Amino acid sequence: MKLSLVVPCYNEAGNVTAFLDAVLSAFNGCGYDYEIVFVDDGSKDATLHNLKKLYNAQKCPIKVISFSRNFGKESAIYAGMEHAEGDYISLIDADLQQRPEIVLDMVKLLDEDPECDVIAAYQDRRGEGKVLSFFKKRFYSIINHLSDVNLHADASDFRTFRRSVRDSLLELAEYHRFSKGLFAWVGYETRFIPYTACERHSGKTKWSFRKLMNYAIEGIIGFSTKPLRYSIYIGTLTAVAAVLYLLWVIIEKLIWGIDIPGYATIIVLILLLGSIQLFCIGIIGEYVGRTFEQSKNRPVYIAKAILKPEDE
Ligand code: UDP
Ligand code: MG
């Protein structure tokens, strides 16, 4: 098997059939074997029903993994990679925003250059609003500054890579998965190519602003312990400021000998120090929480059913 397409699907009932048709027409006559690994991420609509229909028809080799609940796209990618048998693995969304034709180009690039291990697509033009792209830019500059890994600002999960990369990714069995970071962490020779995302075929995006914020925090906490160090810096700074202020108060008292009513100062200081403490405890809490999660050693996903052709 040359290529496995790993397709995470969450409430994509209106897309999966069109997706398969798009793949069939794009790969028609490509001259090599490929399979599609659909992962139904606990969809609440008819996605699984439609996937079963596609599975039964087997217009090309198709596997379907169905989760017991919604575990998130990252878990779906993990499950799909585990069951992928191709020499190359391609991650692609089910909503046809990423054209299957581009996968053909990626495969060609990998064929031509044995030194290259990952072809990653990045969006050359983003169709999103100014506010969102402002926050996304800030996020990438913060995470690149904080962590040891270096992320490409516009890179998506739309990638094609060799089996060795997939093996390395699967070895990282962390519960909180942040694909872009994991890709950067495992290394390998990566080449970025531009692509233009199309409109969603049907349905709407699962990403709200709140989810994106959580995703950003996941990325930062998952790939850096610098926030912990910074909380020490903040603590040191406020300690130094407190000592200086103390000196000032003593000198003031010695020189002028007057009590200045300091009600406002006290309130402001209590609030300021209290919030700094809460902020730092919050940061520590994030790390403790993750340690707790990971120590439970829970699986990244639970598959309710795995449909794959018998002869394997
Ligand atoms: N997805 C998933 N689980 C989720 C959310 C999304 O498997 O909890 C899948 C979704 O079905 C799609 C892909 O991840 O195939 C990308 O999602 P979406 O199109 O909503 O994201 P966007 O393209 O807007 O970034
Ligand atoms: Mg999409």
# chains A, B, ... in the order shown; residues from 1 in each chain; ligands from 1
>>> residues_around(residues="range 232-234 of chain A", least_positions_apart="3", cutoff="12 Å", atoms="only C-alpha atoms", output="PyMOL selection string")
chain A and resi 225-229+237-241+272-273+275-277+279-281+283-284
>>> residues_around(residues="Ser168 in chain A", least_positions_apart="5", cutoff="12 Å", atoms="only C-alpha atoms", output="PyMOL selection string")
chain A and resi 78+81-82+117+161-163+173+182-188
>>> write_last_selection(atoms="N, CA, C and O atoms", output="JSON list (two decimals), in the first residue's frame")
[["chain", "number", "residue", "atom", "x", "y", "z"],
["A", 78, "TYR", "N", -4.69, 10.42, 15.65],
["A", 78, "TYR", "CA", -3.87, 9.36, 16.27],
["A", 78, "TYR", "C", -4.41, 7.98, 15.88],
["A", 78, "TYR", "O", -3.66, 7.11, 15.44],
["A", 81, "MET", "N", -3.84, 7.20, 12.19],
["A", 81, "MET", "CA", -2.45, 6.86, 11.89],
["A", 81, "MET", "C", -2.13, 5.44, 12.35],
["A", 81, "MET", "O", -1.40, 4.71, 11.69],
["A", 82, "GLU", "N", -2.70, 5.05, 13.50],
["A", 82, "GLU", "CA", -2.45, 3.70, 14.01],
["A", 82, "GLU", "C", -2.90, 2.64, 13.03],
["A", 82, "GLU", "O", -2.27, 1.60, 12.91],
["A", 117, "ASP", "N", 10.97, 14.27, 4.32],
["A", 117, "ASP", "CA", 10.12, 13.31, 5.03],
["A", 117, "ASP", "C", 8.68, 13.77, 5.20],
["A", 117, "ASP", "O", 7.78, 12.97, 5.31],
["A", 161, "PHE", "N", 3.34, 12.48, 4.91],
["A", 161, "PHE", "CA", 4.65, 12.16, 5.45],
["A", 161, "PHE", "C", 4.95, 10.67, 5.35],
["A", 161, "PHE", "O", 4.07, 9.87, 5.06],
["A", 162, "ARG", "N", 6.21, 10.36, 5.56],
["A", 162, "ARG", "CA", 6.63, 8.96, 5.46],
["A", 162, "ARG", "C", 6.23, 8.17, 6.69],
["A", 162, "ARG", "O", 5.98, 8.74, 7.75],
["A", 163, "ARG", "N", 6.25, 6.86, 6.55],
["A", 163, "ARG", "CA", 5.84, 5.97, 7.62],
["A", 163, "ARG", "C", 6.70, 6.14, 8.88],
["A", 163, "ARG", "O", 6.22, 6.01, 10.01],
["A", 173, "ALA", "N", 2.88, 9.09, 23.08],
["A", 173, "ALA", "CA", 1.52, 8.71, 23.47],
["A", 173, "ALA", "C", 0.95, 9.68, 24.49],
["A", 173, "ALA", "O", 0.28, 9.28, 25.44],
["A", 182, "LEU", "N", 3.73, 18.51, 17.95],
["A", 182, "LEU", "CA", 4.30, 17.16, 17.87],
["A", 182, "LEU", "C", 5.11, 17.00, 16.59],
["A", 182, "LEU", "O", 6.20, 16.44, 16.59],
["A", 183, "PHE", "N", 4.56, 17.53, 15.50],
["A", 183, "PHE", "CA", 5.29, 17.46, 14.23],
["A", 183, "PHE", "C", 6.63, 18.19, 14.34],
["A", 183, "PHE", "O", 7.65, 17.70, 13.87],
["A", 184, "ALA", "N", 6.59, 19.35, 14.95],
["A", 184, "ALA", "CA", 7.82, 20.11, 15.08],
["A", 184, "ALA", "C", 8.78, 19.37, 16.01],
["A", 184, "ALA", "O", 9.99, 19.34, 15.78],
["A", 185, "TRP", "N", 8.23, 18.74, 17.04],
["A", 185, "TRP", "CA", 9.08, 18.07, 18.04],
["A", 185, "TRP", "C", 9.80, 16.86, 17.47],
["A", 185, "TRP", "O", 10.97, 16.65, 17.74],
["A", 186, "VAL", "N", 9.09, 16.03, 16.67],
["A", 186, "VAL", "CA", 9.74, 14.83, 16.14],
["A", 186, "VAL", "C", 10.79, 15.19, 15.08],
["A", 186, "VAL", "O", 11.65, 14.37, 14.77],
["A", 187, "GLY", "N", 10.71, 16.40, 14.57],
["A", 187, "GLY", "CA", 11.74, 16.83, 13.63],
["A", 187, "GLY", "C", 11.50, 16.30, 12.23],
["A", 187, "GLY", "O", 10.38, 16.37, 11.75],
["A", 188, "TYR", "N", 12.49, 15.74, 11.59],
["A", 188, "TYR", "CA", 12.46, 15.26, 10.20],
["A", 188, "TYR", "C", 12.50, 16.46, 9.24],
["A", 188, "TYR", "O", 12.15, 17.59, 9.59]]
>>> select_by_dssp(residues="range 128-200 of chain A", states="alpha helix (DSSP H)", output="number ranges by chain")
A: 130-146, 163-171, 179-186
>>> closest_atom_pairs(of="range 153-260 of chain A", to="range 73-76 of chain A", cutoff="9 Å", atoms="only C-alpha atoms", output="Markdown table")
| residue | atom | partner | partner_atom | distance |
| --- | --- | --- | --- | --- |
| A:Tyr175 | CA | A:Ser75 | CA | 8.6 |
| A:His176 | CA | A:Glu74 | CA | 8.5 |
| A:Arg177 | CA | A:Glu74 | CA | 6.0 |
| A:Phe178 | CA | A:Glu74 | CA | 6.9 |
| A:Ser179 | CA | A:Glu74 | CA | 6.6 |
>>> select_by_dssp(residues="range 48-229 of chain A", states="strand (DSSP E)", output="CSV table (one decimal) with all heavy atoms, in the first residue's frame")
chain,number,residue,atom,x,y,z
A,62,ILE,N,-11.4,1.0,2.0
A,62,ILE,CA,-11.8,1.9,3.0
A,62,ILE,C,-11.9,1.3,4.4
A,62,ILE,O,-12.3,0.1,4.5
A,62,ILE,CB,-13.2,2.5,2.7
A,62,ILE,CG1,-13.1,3.4,1.4
A,62,ILE,CG2,-13.9,3.2,3.8
A,62,ILE,CD1,-14.5,3.9,1.0
A,63,LYS,N,-11.4,2.0,5.4
A,63,LYS,CA,-11.5,1.5,6.8
A,63,LYS,C,-12.3,2.6,7.5
A,63,LYS,O,-12.2,3.8,7.2
A,63,LYS,CB,-10.2,1.4,7.5
A,63,LYS,CG,-9.3,0.2,6.9
A,63,LYS,CD,-8.0,0.3,7.7
A,63,LYS,CE,-7.0,-0.7,7.0
A,63,LYS,NZ,-5.6,-0.3,7.3
A,64,VAL,N,-13.1,2.1,8.5
A,64,VAL,CA,-13.8,3.1,9.3
A,64,VAL,C,-13.6,2.8,10.8
A,64,VAL,O,-13.7,1.6,11.2
A,64,VAL,CB,-15.3,3.0,9.0
A,64,VAL,CG1,-16.1,4.0,9.9
A,64,VAL,CG2,-15.6,3.4,7.6
A,65,ILE,N,-13.1,3.8,11.5
A,65,ILE,CA,-13.0,3.6,13.0
A,65,ILE,C,-14.0,4.5,13.6
A,65,ILE,O,-14.1,5.7,13.2
A,65,ILE,CB,-11.6,4.1,13.4
A,65,ILE,CG1,-10.5,3.3,12.7
A,65,ILE,CG2,-11.4,3.9,14.9
A,65,ILE,CD1,-9.1,3.9,12.8
A,66,SER,N,-14.8,3.9,14.5
A,66,SER,CA,-15.8,4.8,15.1
A,66,SER,C,-15.6,4.9,16.6
A,66,SER,O,-15.5,3.9,17.3
A,66,SER,CB,-17.2,4.2,14.7
A,66,SER,OG,-18.0,4.0,15.8
A,67,PHE,N,-15.5,6.1,17.1
A,67,PHE,CA,-15.2,6.4,18.5
A,67,PHE,C,-16.5,6.2,19.3
A,67,PHE,O,-17.6,6.4,18.9
A,67,PHE,CB,-14.7,7.8,18.7
A,67,PHE,CG,-13.2,8.0,18.3
A,67,PHE,CD1,-12.5,6.9,17.8
A,67,PHE,CD2,-12.6,9.2,18.5
A,67,PHE,CE1,-11.2,7.1,17.4
A,67,PHE,CE2,-11.2,9.3,18.2
A,67,PHE,CZ,-10.5,8.3,17.6
A,88,TYR,N,3.2,6.1,2.8
A,88,TYR,CA,3.0,7.5,3.0
A,88,TYR,C,1.6,7.7,3.7
A,88,TYR,O,0.7,6.9,3.5
A,88,TYR,CB,2.9,8.3,1.7
A,88,TYR,CG,4.1,8.3,0.9
A,88,TYR,CD1,4.1,8.8,-0.4
A,88,TYR,CD2,5.4,7.9,1.4
A,88,TYR,CE1,5.2,8.8,-1.2
A,88,TYR,CE2,6.5,7.9,0.6
A,88,TYR,CZ,6.4,8.4,-0.7
A,88,TYR,OH,7.5,8.4,-1.5
A,89,ILE,N,1.6,8.6,4.7
A,89,ILE,CA,0.3,8.9,5.3
A,89,ILE,C,0.0,10.4,5.1
A,89,ILE,O,0.8,11.2,5.2
A,89,ILE,CB,0.4,8.6,6.9
A,89,ILE,CG1,0.4,7.1,7.1
A,89,ILE,CG2,-0.8,9.2,7.6
A,89,ILE,CD1,1.7,6.5,7.3
A,90,SER,N,-1.3,10.6,4.8
A,90,SER,CA,-1.7,11.9,4.5
A,90,SER,C,-2.9,12.3,5.5
A,90,SER,O,-3.8,11.5,5.6
A,90,SER,CB,-2.2,12.0,3.1
A,90,SER,OG,-2.2,13.3,2.6
A,91,LEU,N,-2.8,13.4,6.1
A,91,LEU,CA,-3.9,13.9,7.0
A,91,LEU,C,-4.7,14.9,6.2
A,91,LEU,O,-4.1,15.9,5.7
A,91,LEU,CB,-3.3,14.6,8.3
A,91,LEU,CG,-2.3,13.8,9.1
A,91,LEU,CD1,-1.9,14.6,10.3
A,91,LEU,CD2,-2.9,12.4,9.5
A,118,VAL,N,8.5,15.1,5.3
A,118,VAL,CA,7.2,15.6,5.5
A,118,VAL,C,6.9,16.7,4.5
A,118,VAL,O,7.7,17.6,4.3
A,118,VAL,CB,7.0,16.2,6.9
A,118,VAL,CG1,5.6,16.7,7.2
A,118,VAL,CG2,7.5,15.2,8.0
A,119,ILE,N,5.7,16.7,3.9
A,119,ILE,CA,5.3,17.8,3.1
A,119,ILE,C,4.1,18.4,3.8
A,119,ILE,O,3.1,17.8,4.0
A,119,ILE,CB,4.8,17.4,1.7
A,119,ILE,CG1,5.9,16.6,0.9
A,119,ILE,CG2,4.5,18.6,0.8
A,119,ILE,CD1,7.1,17.3,0.5
A,120,ALA,N,4.3,19.7,4.3
A,120,ALA,CA,3.2,20.3,5.0
A,120,ALA,C,2.6,21.5,4.2
A,120,ALA,O,3.4,22.3,3.6
A,120,ALA,CB,3.8,20.8,6.3
A,121,ALA,N,1.3,21.6,4.2
A,121,ALA,CA,0.7,22.7,3.4
A,121,ALA,C,0.4,23.8,4.4
A,121,ALA,O,-0.1,23.6,5.5
A,121,ALA,CB,-0.6,22.2,2.7
A,122,TYR,N,0.6,25.0,3.9
A,122,TYR,CA,0.2,26.1,4.7
A,122,TYR,C,-0.7,27.0,3.9
A,122,TYR,O,-0.6,27.0,2.6
A,122,TYR,CB,1.4,26.9,5.3
A,122,TYR,CG,2.2,27.7,4.2
A,122,TYR,CD1,1.9,29.0,3.8
A,122,TYR,CD2,3.3,27.1,3.6
A,122,TYR,CE1,2.6,29.6,2.9
A,122,TYR,CE2,4.0,27.7,2.6
A,122,TYR,CZ,3.7,29.0,2.3
A,122,TYR,OH,4.4,29.7,1.3
A,123,GLN,N,-1.6,27.7,4.5
A,123,GLN,CA,-2.6,28.5,3.8
A,123,GLN,C,-1.9,29.8,3.3
A,123,GLN,O,-1.5,30.6,4.2
A,123,GLN,CB,-3.8,28.9,4.7
A,123,GLN,CG,-4.7,27.7,4.9
A,123,GLN,CD,-6.0,28.1,5.6
A,123,GLN,OE1,-6.5,29.2,5.3
A,123,GLN,NE2,-6.4,27.3,6.5
A,155,ALA,N,0.9,27.0,9.0
A,155,ALA,CA,0.8,25.6,8.7
A,155,ALA,C,-0.4,25.0,9.3
A,155,ALA,O,-0.8,25.3,10.4
A,155,ALA,CB,2.1,24.9,9.2
A,156,SER,N,-1.0,24.0,8.5
A,156,SER,CA,-2.2,23.3,9.0
A,156,SER,C,-1.8,21.9,9.3
A,156,SER,O,-0.6,21.5,9.3
A,156,SER,CB,-3.3,23.4,7.9
A,156,SER,OG,-2.7,22.8,6.8
A,157,ASP,N,-2.8,21.1,9.7
A,157,ASP,CA,-2.6,19.7,9.8
A,157,ASP,C,-2.6,18.9,8.5
A,157,ASP,O,-2.4,17.7,8.5
A,157,ASP,CB,-3.7,19.1,10.7
A,157,ASP,CG,-3.6,19.5,12.2
A,157,ASP,OD1,-2.5,19.9,12.6
A,157,ASP,OD2,-4.6,19.5,12.9
A,158,PHE,N,-2.8,19.7,7.4
A,158,PHE,CA,-2.8,19.1,6.1
A,158,PHE,C,-1.4,18.7,5.7
A,158,PHE,O,-0.6,19.6,5.2
A,158,PHE,CB,-3.5,20.1,5.1
A,158,PHE,CG,-3.7,19.5,3.8
A,158,PHE,CD1,-3.8,18.2,3.5
A,158,PHE,CD2,-3.8,20.4,2.7
A,158,PHE,CE1,-4.0,17.7,2.2
A,158,PHE,CE2,-4.0,19.9,1.4
A,158,PHE,CZ,-4.1,18.6,1.2
A,159,ARG,N,-1.0,17.5,5.8
A,159,ARG,CA,0.3,17.0,5.6
A,159,ARG,C,0.4,15.6,5.0
A,159,ARG,O,-0.5,14.8,5.2
A,159,ARG,CB,1.1,16.9,6.9
A,159,ARG,CG,1.4,18.2,7.6
A,159,ARG,CD,1.7,18.0,9.0
A,159,ARG,NE,1.8,19.3,9.7
A,159,ARG,CZ,2.9,20.0,10.0
A,159,ARG,NH1,4.0,19.5,9.8
A,159,ARG,NH2,2.8,21.2,10.5
A,160,THR,N,1.5,15.4,4.3
A,160,THR,CA,1.8,14.0,3.9
A,160,THR,C,3.2,13.7,4.3
A,160,THR,O,4.1,14.5,4.2
A,160,THR,CB,1.6,13.9,2.3
A,160,THR,OG1,0.3,14.3,2.0
A,160,THR,CG2,1.8,12.5,1.9
A,161,PHE,N,3.3,12.5,4.9
A,161,PHE,CA,4.7,12.2,5.5
A,161,PHE,C,5.0,10.7,5.3
A,161,PHE,O,4.1,9.9,5.1
A,161,PHE,CB,4.7,12.6,6.9
A,161,PHE,CG,3.5,12.3,7.7
A,161,PHE,CD1,3.5,11.1,8.4
A,161,PHE,CD2,2.5,13.2,7.8
A,161,PHE,CE1,2.4,10.8,9.2
A,161,PHE,CE2,1.3,12.9,8.6
A,161,PHE,CZ,1.3,11.7,9.3
A,162,ARG,N,6.2,10.4,5.6
A,162,ARG,CA,6.6,9.0,5.5
A,162,ARG,C,6.2,8.2,6.7
A,162,ARG,O,6.0,8.7,7.8
A,162,ARG,CB,8.2,8.9,5.3
A,162,ARG,CG,8.6,9.5,4.0
A,162,ARG,CD,10.1,9.3,3.8
A,162,ARG,NE,10.5,10.2,2.7
A,162,ARG,CZ,10.4,10.0,1.4
A,162,ARG,NH1,9.9,8.8,1.0
A,162,ARG,NH2,10.8,10.9,0.5
A,190,THR,N,11.3,18.8,6.7
A,190,THR,CA,9.9,19.2,6.4
A,190,THR,C,9.9,20.3,5.3
A,190,THR,O,10.7,21.2,5.4
A,190,THR,CB,9.2,19.8,7.6
A,190,THR,OG1,9.2,18.8,8.6
A,190,THR,CG2,7.7,20.1,7.3
A,191,ARG,N,9.1,20.1,4.3
A,191,ARG,CA,9.0,21.1,3.3
A,191,ARG,C,7.6,21.7,3.3
A,191,ARG,O,6.6,21.0,3.4
A,191,ARG,CB,9.3,20.5,1.9
A,191,ARG,CG,9.6,21.5,0.9
A,191,ARG,CD,10.2,20.9,-0.3
A,191,ARG,NE,9.6,21.6,-1.5
A,191,ARG,CZ,9.6,21.2,-2.7
A,191,ARG,NH1,10.1,20.0,-3.0
A,191,ARG,NH2,9.1,21.9,-3.6
A,192,PHE,N,7.5,23.0,3.2
A,192,PHE,CA,6.2,23.7,3.3
A,192,PHE,C,5.8,24.1,1.9
A,192,PHE,O,6.6,24.7,1.2
A,192,PHE,CB,6.2,24.9,4.2
A,192,PHE,CG,6.4,24.5,5.7
A,192,PHE,CD1,7.7,24.5,6.2
A,192,PHE,CD2,5.3,24.2,6.4
A,192,PHE,CE1,7.8,24.1,7.6
A,192,PHE,CE2,5.5,23.8,7.8
A,192,PHE,CZ,6.7,23.8,8.3
A,193,ILE,N,4.5,23.8,1.5
A,193,ILE,CA,4.0,24.2,0.3
A,193,ILE,C,2.7,25.1,0.5
A,193,ILE,O,2.0,24.7,1.4
A,193,ILE,CB,3.7,23.1,-0.7
A,193,ILE,CG1,2.7,22.1,-0.1
A,193,ILE,CG2,5.0,22.3,-1.1
A,193,ILE,CD1,2.2,21.1,-1.1
A,194,PRO,N,2.5,26.1,-0.3
A,194,PRO,CA,1.3,26.9,-0.1
A,194,PRO,C,0.1,26.2,-0.7
A,194,PRO,O,0.2,25.5,-1.6
A,194,PRO,CB,1.6,28.2,-0.8
A,194,PRO,CG,2.6,27.8,-1.9
A,194,PRO,CD,3.4,26.6,-1.4
A,195,TYR,N,-1.1,26.5,-0.1
A,195,TYR,CA,-2.3,26.0,-0.7
A,195,TYR,C,-3.4,27.0,-0.3
A,195,TYR,O,-3.3,27.7,0.7
A,195,TYR,CB,-2.7,24.6,-0.3
A,195,TYR,CG,-3.5,24.5,1.0
A,195,TYR,CD1,-4.9,24.2,1.0
A,195,TYR,CD2,-2.9,24.6,2.2
A,195,TYR,CE1,-5.6,24.1,2.1
A,195,TYR,CE2,-3.6,24.5,3.4
A,195,TYR,CZ,-4.9,24.2,3.4
A,195,TYR,OH,-5.6,24.1,4.5
>>> residues_near_ligand(ligand="ligand 2", cutoff="7 Å", atoms="only C-alpha atoms and all ligand atoms", output="ChimeraX atom specification")
/A:93,95,97,200,205
>>> closest_residue(among="A:Cys60, A:Leu278, A:Val300, A:Ile220", to="Asn28 in chain A", atoms="only C-alpha atoms")
A:Cys60
>>> residues_near_ligand(ligand="ligand 1", cutoff="10 Å", atoms="only C-alpha atoms and all ligand atoms", output="PyMOL selection string")
chain A and resi 6-13+15-16+38-43+47+69-77+91-98+128+156-158+197-208+212
>>> closest_residue(among="A:Met213, A:Gly219, A:Gly257, A:Leu104", to="Gly29 in chain A", atoms="only C-alpha atoms")
A:Leu104
>>> closest_residue(among="A:Ser68, A:Gln58, A:Leu172, A:Ile217", to="Lys44 in chain A", atoms="only C-alpha atoms")
A:Ser68
